[in-house]
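Q: The file below is input-v5.cif, mmCIF, C-alpha atoms:
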data_my_file
loop_
_atom_site.label_atom_id
_atom_site.label_comp_id
_atom_site.auth_asym_id
_atom_site.auth_seq_id
_atom_site.Cartn_x
_atom_site.Cartn_y
_atom_site.Cartn_z
CA MET A 576 0.00 0.00 0.00
CA THR A 577 1.34 3.40 -0.98
CA LEU A 578 0.80 6.12 1.58
CA LEU A 579 0.08 9.65 0.40
CA VAL A 580 2.98 11.87 1.39
CA LEU A 581 2.23 15.59 1.47
CA PRO A 582 4.70 18.40 1.94
CA VAL A 583 4.37 20.50 5.06
CA TRP A 584 2.46 23.23 3.26
CA GLY A 585 0.04 20.59 1.97
CA TRP A 586 -0.80 19.48 5.51
CA VAL A 587 -1.23 23.10 6.53
CA VAL A 588 -3.70 23.73 3.71
CA ALA A 589 -5.57 20.51 4.49
CA GLY A 590 -5.74 21.47 8.15
CA LEU A 591 -7.06 24.94 7.39
CA ALA A 592 -9.66 23.49 5.03
CA ALA A 593 -10.81 21.10 7.73
CA VAL A 594 -11.10 23.96 10.23
CA VAL A 595 -13.18 26.00 7.76
CA ILE A 596 -15.51 23.05 7.14
CA VAL A 597 -15.98 22.46 10.86
CA VAL A 598 -16.70 26.15 11.49
CA VAL A 599 -19.22 26.39 8.63
CA VAL A 600 -21.00 23.19 9.60
CA GLY A 601 -20.99 24.24 13.25
CA PHE A 602 -22.49 27.62 12.31
CA PHE A 603 -25.45 26.04 10.54
CA VAL A 604 -25.92 23.46 13.28
CA LEU A 605 -26.09 26.37 15.73
CA ILE A 606 -28.73 28.11 13.58
CA PHE A 607 -30.77 24.90 13.44
CA VAL A 608 -30.59 24.26 17.19
CA THR A 609 -31.39 27.90 17.98
CA GLY A 610 -34.31 27.88 15.56
CA LEU A 611 -35.64 24.67 17.08
CA PHE A 612 -35.52 25.68 20.74
CA GLU A 613 -35.97 29.48 20.66
CA THR A 614 -39.33 30.55 22.05
CA HIS A 615 -41.09 33.36 20.17
CA HIS A 616 -43.70 35.43 21.99
CA LEU A 617 -46.43 37.53 20.49
CA LEU A 618 -45.81 41.24 20.87
CA GLY A 619 -47.66 42.69 23.86
CA LEU A 620 -47.17 46.42 24.39
CA ASP A 621 -48.18 48.44 27.43
CA TYR A 622 -48.28 52.23 27.36
CA LEU A 623 -45.61 53.82 29.57
CA PRO A 624 -46.07 54.91 32.19
CA GLY A 625 -49.52 54.18 33.52
CA ASP A 626 -49.48 57.67 35.02
CA GLY A 627 -46.99 60.48 34.95
CA GLU A 628 -44.51 61.71 32.33
CA GLN A 629 -43.43 59.50 29.45
CA PRO A 630 -39.75 58.39 29.34
CA MET A 631 -37.76 59.89 26.47
CA PRO A 632 -35.02 58.09 24.52
CA THR A 633 -31.41 59.10 25.13
CA GLY A 634 -28.10 58.52 23.41
CA LYS A 635 -28.26 56.78 20.04
CA ALA A 636 -31.96 56.02 20.48
CA GLY A 637 -32.58 59.70 21.15
CA GLN A 638 -30.72 60.64 17.97
CA GLN A 639 -32.86 58.22 15.96
CA TYR A 640 -35.99 59.62 17.58
CA ASP A 641 -35.00 63.18 16.60
CA GLU A 642 -34.28 62.04 13.02
CA ALA A 643 -37.75 60.53 12.76
CA LEU A 644 -39.35 63.74 14.06
CA ALA A 645 -37.29 65.82 11.62
CA ALA A 646 -38.51 63.58 8.78
CA GLY A 647 -42.10 64.50 9.60
CA CYS A 648 -43.09 61.59 11.83
CA LEU A 649 -45.46 62.13 14.74
CA ALA A 650 -44.75 60.57 18.16
CA ILE A 651 -47.33 58.03 19.37
CA GLY A 652 -45.72 57.24 22.71
CA ALA A 653 -43.41 54.99 24.70
CA PHE A 654 -44.30 51.37 25.34
CA GLU A 655 -42.97 48.35 27.22
CA ASP A 656 -43.00 44.85 25.79
CA ARG A 657 -44.62 43.01 28.69
CA GLU A 658 -43.90 39.61 27.11
CA SER A 659 -40.13 40.11 26.92
CA LYS A 660 -38.50 37.76 29.41
CA LEU A 661 -34.86 38.38 28.52
CA MET A 662 -34.50 42.14 28.92
CA SER A 663 -36.28 45.29 29.96
CA LEU A 664 -37.22 46.83 26.63
CA THR A 665 -38.81 50.19 25.90
CA LEU A 666 -40.17 50.95 22.44
CA TRP A 667 -40.97 54.38 21.00
CA LEU A 668 -43.47 54.41 18.14
CA LEU A 669 -43.85 57.17 15.58
CA ILE A 670 -46.04 57.43 12.48
CA SER A 671 -45.61 59.56 9.38
CA GLU A 672 -48.24 62.24 8.84
CA ASP A 673 -49.87 60.23 6.05
CA GLY A 674 -49.82 57.05 8.18
CA ARG A 675 -47.85 55.08 5.58
CA ASP A 676 -44.71 54.64 7.70
CA LEU A 677 -44.42 53.25 11.23
CA VAL A 678 -41.08 53.82 12.98
CA MET A 679 -40.11 51.72 15.99
CA ILE A 680 -37.11 52.78 18.08
CA THR A 681 -35.82 50.57 20.91
CA SER A 682 -34.01 51.29 24.15
CA LYS A 683 -31.33 48.82 22.94
CA PRO A 684 -30.31 50.60 19.72
CA ARG A 685 -26.89 48.97 19.40
CA MET A 686 -28.35 45.51 19.88
CA LEU A 687 -31.71 45.72 18.12
CA GLY A 688 -31.45 48.83 15.96
CA TYR A 689 -34.62 50.49 14.69
CA ARG A 690 -37.43 49.29 12.43
CA ILE A 691 -39.54 50.99 9.78
CA TYR A 692 -42.76 49.34 8.64
CA SER A 693 -45.34 49.80 5.88
CA ARG A 694 -48.21 47.43 5.21
CA LEU A 695 -49.52 46.54 1.79
CA GLU A 696 -53.11 45.86 0.78
CA SER A 697 -52.44 42.11 0.52
CA GLY A 698 -51.38 41.94 4.18
CA VAL A 699 -47.64 41.81 3.46
CA TRP A 700 -45.48 44.20 5.49
CA LEU A 701 -42.35 45.93 4.23
CA THR A 702 -39.65 46.33 6.88
CA SER A 703 -36.40 48.26 6.81
CA GLY A 704 -33.72 48.97 9.38
CA GLU A 705 -30.11 48.71 10.43
CA VAL A 706 -30.44 45.05 11.40
CA VAL A 707 -33.42 43.17 10.01
CA GLY A 708 -33.11 39.42 10.39
CA ASN A 709 -34.39 37.15 7.63
CA THR A 710 -36.35 34.82 9.91
CA ASP A 711 -39.85 34.97 8.40
CA LEU A 712 -40.88 31.77 6.61
CA THR A 713 -44.40 32.84 5.69
CA GLY A 714 -43.78 35.41 2.97
CA LEU A 715 -45.71 37.99 5.00
CA VAL A 716 -42.58 40.11 5.62
CA ARG A 717 -40.27 41.67 3.04
CA PRO A 718 -37.19 42.83 4.94
CA ALA A 719 -34.32 45.05 3.89
CA SER A 720 -31.22 45.66 6.03
CA HIS A 721 -29.01 48.75 5.85
CA PRO A 722 -26.18 48.17 8.37
CA GLY A 723 -24.72 51.35 9.80
CA GLU A 724 -27.09 53.65 7.91
CA PRO A 725 -28.80 56.50 9.79
CA LEU A 726 -32.54 56.35 10.24
CA ALA A 727 -33.26 59.36 8.03
CA GLY A 728 -31.57 57.80 5.01
CA VAL A 729 -33.18 54.41 5.51
CA LEU A 730 -36.59 56.04 5.93
CA SER A 731 -36.13 57.71 2.55
CA LEU A 732 -35.16 54.37 0.95
CA HIS A 733 -38.08 52.65 2.64
CA ARG A 734 -40.52 55.20 1.25
CA GLN A 735 -39.13 54.55 -2.22
CA ARG A 736 -39.78 50.82 -1.73
CA ALA A 737 -43.35 51.53 -0.67
CA ASP A 738 -43.94 53.93 -3.56
CA THR A 739 -42.75 51.36 -6.11
CA ALA A 740 -44.60 48.40 -4.57
CA GLU A 741 -46.99 46.56 -6.86
CA GLU A 742 -49.94 47.28 -4.58
CA PRO A 743 -51.24 50.15 -2.43
CA VAL A 744 -49.98 50.91 1.05
CA VAL A 745 -52.61 50.79 3.82
CA PRO A 746 -52.05 53.65 6.32
CA PHE A 747 -51.70 52.96 10.02
CA ILE A 748 -54.28 54.52 12.34
CA PRO A 749 -52.80 55.60 15.69
CA GLU A 750 -55.82 54.47 17.72
CA GLN A 751 -55.62 50.96 16.23
CA LEU A 752 -51.84 50.64 16.17
CA LEU A 753 -51.29 48.28 19.12
CA ASP A 754 -54.11 46.00 17.98
CA ASP A 755 -52.70 45.96 14.44
CA LEU A 756 -49.20 45.07 15.65
CA LEU A 757 -50.48 42.20 17.77
CA ALA A 758 -52.83 40.98 15.02
CA PHE A 759 -49.98 40.86 12.48
CA ASP A 760 -47.68 39.08 14.93
CA ARG A 761 -50.41 36.50 15.56
CA LYS A 762 -51.06 36.12 11.83
CA LYS A 763 -47.37 35.33 11.24
CA ALA A 764 -47.40 32.74 14.04
CA GLU A 765 -50.64 31.12 12.89
CA THR A 766 -49.43 30.99 9.28
CA THR A 767 -46.12 29.44 10.36
CA ILE A 768 -48.01 26.81 12.35
CA ALA A 769 -50.51 26.13 9.53
CA MET A 770 -47.54 25.51 7.21
CA GLY A 771 -46.27 22.85 9.62
CA LEU A 772 -43.23 24.96 10.47
CA GLY A 773 -44.17 25.93 14.03
CA ARG A 774 -46.17 24.89 17.10
CA TRP A 775 -47.72 26.62 20.10
CA VAL A 776 -45.95 25.98 23.41
CA ASN A 777 -48.53 27.37 25.84
CA ALA A 778 -52.28 27.01 26.26
CA GLU A 779 -52.85 30.76 25.81
CA GLN A 780 -51.25 30.56 22.34
CA THR A 781 -48.98 33.51 22.95
CA GLN A 782 -45.68 31.61 22.61
CA TRP A 783 -44.48 29.33 19.81
CA ARG A 784 -41.41 27.50 18.49
CA HIS A 785 -40.30 26.16 15.14
CA THR A 786 -40.81 22.49 14.40
CA PRO A 787 -37.76 20.51 13.18
CA ARG A 788 -38.94 21.16 9.62
CA GLY A 789 -39.29 24.86 10.35
CA ALA A 790 -35.83 25.03 11.92
CA LEU A 791 -34.39 23.26 8.88
CA ARG A 792 -36.08 25.68 6.49
CA LEU A 793 -34.85 28.59 8.57
CA THR A 794 -31.30 27.23 8.31
CA ALA A 795 -31.63 26.86 4.54
CA GLN A 796 -33.08 30.36 4.19
CA THR A 797 -30.15 31.80 6.12
CA ALA A 798 -27.72 29.88 3.93
CA PHE A 799 -29.19 30.77 0.54
CA SER A 800 -30.92 34.13 0.94
CA GLY A 801 -27.95 36.36 1.84
CA GLY A 802 -29.67 37.44 5.07
CA THR A 803 -31.44 40.59 3.84
CA ASP A 804 -34.35 39.99 1.48
CA ASN A 805 -36.78 37.11 1.72
CA PRO A 806 -36.31 34.48 -0.99
CA ARG A 807 -39.43 33.28 -2.72
CA ASN A 808 -41.06 30.48 -0.78
CA ASP A 809 -41.01 28.11 -3.76
CA GLU A 810 -37.25 28.55 -4.13
CA VAL A 811 -36.71 27.58 -0.48
CA GLU A 812 -39.15 24.69 -0.85
CA ASN A 813 -37.12 23.41 -3.82
CA LEU A 814 -33.99 23.45 -1.69
CA ILE A 815 -35.64 21.41 1.06
CA SER A 816 -38.32 18.93 0.14
CA LEU A 817 -39.58 17.18 3.27
#
As a first step, turn the structure in this file into structure tokens.
A:
Amino acid sequence: MTLLVLPVWGWVVAGLAAVVIVVVVGFFVLIFVTGLFETHHLLGLDYLPGDGEQPMPTGKAGQQYDEALAAGCLAIGAFEDRESKLMSLTLWLLISEDGRDLVMITSKPRMLGYRIYSRLESGVWLTSGEVVGNTDLTGLVRPASHPGEPLAGVLSLHRQRADTAEEPVVPFIPEQLLDDLLAFDRKKAETTIAMGLGRWVNAEQTQWRHTPRGALRLTAQTAFSGGTDNPRNDEVENLISL
């Protein structure tokens, strides 16, 4: 039997290749495991405070808040996500004068960034922001990420997306805003579950997790979508046929 003899540099290259393979495989295994066991809760916002003066954003969040006001958005108020178990999170909501744009600023701007939303007549929502994860498997969300970009610039780009959408934008109504946010969050969860990609984990049906199939599709979507814009559902389905 003839043994393969490699020069030193050959073993180095082979070793580096093996490390890269292990890291890549480990990364996708981590995505799968996280997707399988992460608990998602439906958004539940409480107006802050129950009495007294509203808290105002400071630092980077305050700068984003001022940019939204300068762009013509109107402040709705400060809210607390009562369902968040991991961190104390305050959200500031603002709406453009025509109601087409909803801006959400968080008290954790460096971790969560900001979000800009518009909803289309079909029920699909456009989202834009600094960090917008591509985790929706239903096709109800069309995300666009703009890392490091200031809110004012992303808001302008978001409005261009809405203006060039193939269907009309449905304005948000301030008095219905919290109900609309919760209803959309529930619709995403119920659609995910109806597709066999998720399951409820509590009797109240306010928390859910991905099924193994859902976690696998989420892993594939992360691998093949580039992490910014949703791929078409049929393209993902062709990649994973279960």
Q: Find the residues around His785 (chain A) up to 6 Å (only C-alpha atoms counted), leave out those fewer than 2 positions away in its own chain, and share them as a list in words.
A: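 Once the nearby chain positions are removed, what remains is Leu611, Leu772, Gly773, Gly789 and Ala790 of chain A.
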Q: Could you list, as a PyMOL selection string, every residue within 6 Å of Leu669 (chain A), counting all atoms listed in the file and ignoring same-chain residues fewer than 3 positions away?
A: chain A and resi 648-651+677-678
Q: Using the chain letters and residue numbers of this document, give as a VMD selection string the residues selected by the PyMOL selection byres ((chain A and resi 747-764) around 6).
A: chain A and resid 617 to 618 674 746 765 to 767
Q: Provide the CA of Gly698 (chain A) to CA of Leu726 (chain A) distance in Å, to one decimal place.
A: 24.5 Å
Q: Considering all atoms listed in the file, state which residue in the set A:Thr710, A:Ser720, A:Thr702, A:Thr609 is at the smallest distance from Thr797 (chain A).
A: A:Thr710
Q: Could you state which residues are captured by the PyMOL selection byres ((chain A and resi 697) around 10) in this file, as a CSV table (one decimal) with C-alpha atoms, in the frame of the given file?
A:
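Everything below was put into part21.csv:
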chain,number,residue,atom,x,y,z
A,694,ARG,CA,-48.2,47.4,5.2
A,695,LEU,CA,-49.5,46.5,1.8
A,696,GLU,CA,-53.1,45.9,0.8
A,698,GLY,CA,-51.4,41.9,4.2
A,699,VAL,CA,-47.6,41.8,3.5
A,700,TRP,CA,-45.5,44.2,5.5
A,715,LEU,CA,-45.7,38.0,5.0
A,742,GLU,CA,-49.9,47.3,-4.6
A,743,PRO,CA,-51.2,50.2,-2.4
A,744,VAL,CA,-50.0,50.9,1.0
A,745,VAL,CA,-52.6,50.8,3.8
Q: Taking the file as shown, find all residues satisfying the PyMOL selection byres ((chain A and resi 780) around 10) and write them as an mmCIF file with C-alpha atoms, keeping the file's coordinate frame.
A:
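result-v3.cif, written as the output of this step:
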data_model
loop_
_atom_site.group_PDB
_atom_site.id
_atom_site.type_symbol
_atom_site.label_atom_id
_atom_site.label_comp_id
_atom_site.auth_asym_id
_atom_site.auth_seq_id
_atom_site.Cartn_x
_atom_site.Cartn_y
_atom_site.Cartn_z
ATOM 1 C CA HIS A 616 -43.700 35.430 21.990
ATOM 2 C CA LEU A 617 -46.430 37.530 20.490
ATOM 3 C CA ARG A 761 -50.410 36.500 15.560
ATOM 4 C CA ALA A 764 -47.400 32.740 14.040
ATOM 5 C CA GLU A 765 -50.640 31.120 12.890
ATOM 6 C CA ARG A 774 -46.170 24.890 17.100
ATOM 7 C CA TRP A 775 -47.720 26.620 20.100
ATOM 8 C CA VAL A 776 -45.950 25.980 23.410
ATOM 9 C CA ASN A 777 -48.530 27.370 25.840
ATOM 10 C CA ALA A 778 -52.280 27.010 26.260
ATOM 11 C CA GLU A 779 -52.850 30.760 25.810
ATOM 12 C CA THR A 781 -48.980 33.510 22.950
ATOM 13 C CA GLN A 782 -45.680 31.610 22.610
ATOM 14 C CA TRP A 783 -44.480 29.330 19.810
#
Q: Just checking: using only C-alpha atoms, which residue out of A:Arg784, A:Arg675, A:Arg736, A:His615 ends up closest to Ser693 (chain A)?
A: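 Smallest distance to Ser693 (chain A) is found for A:Arg675.
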Q: Enter the distance from CA of Ala737 (chain A) to CA of Leu701 (chain A), in Å, rounded to one decimal.
A: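 Here the two named atoms are 7.5 Å from each other.
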Q: Between CA of Ala795 (chain A) and CA of Phe602 (chain A), what is the spacing in Å?
A: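 Taking CA of Phe602 (chain A) as the start and CA of Ala795 (chain A) as the end point, the length is 12.0 Å.
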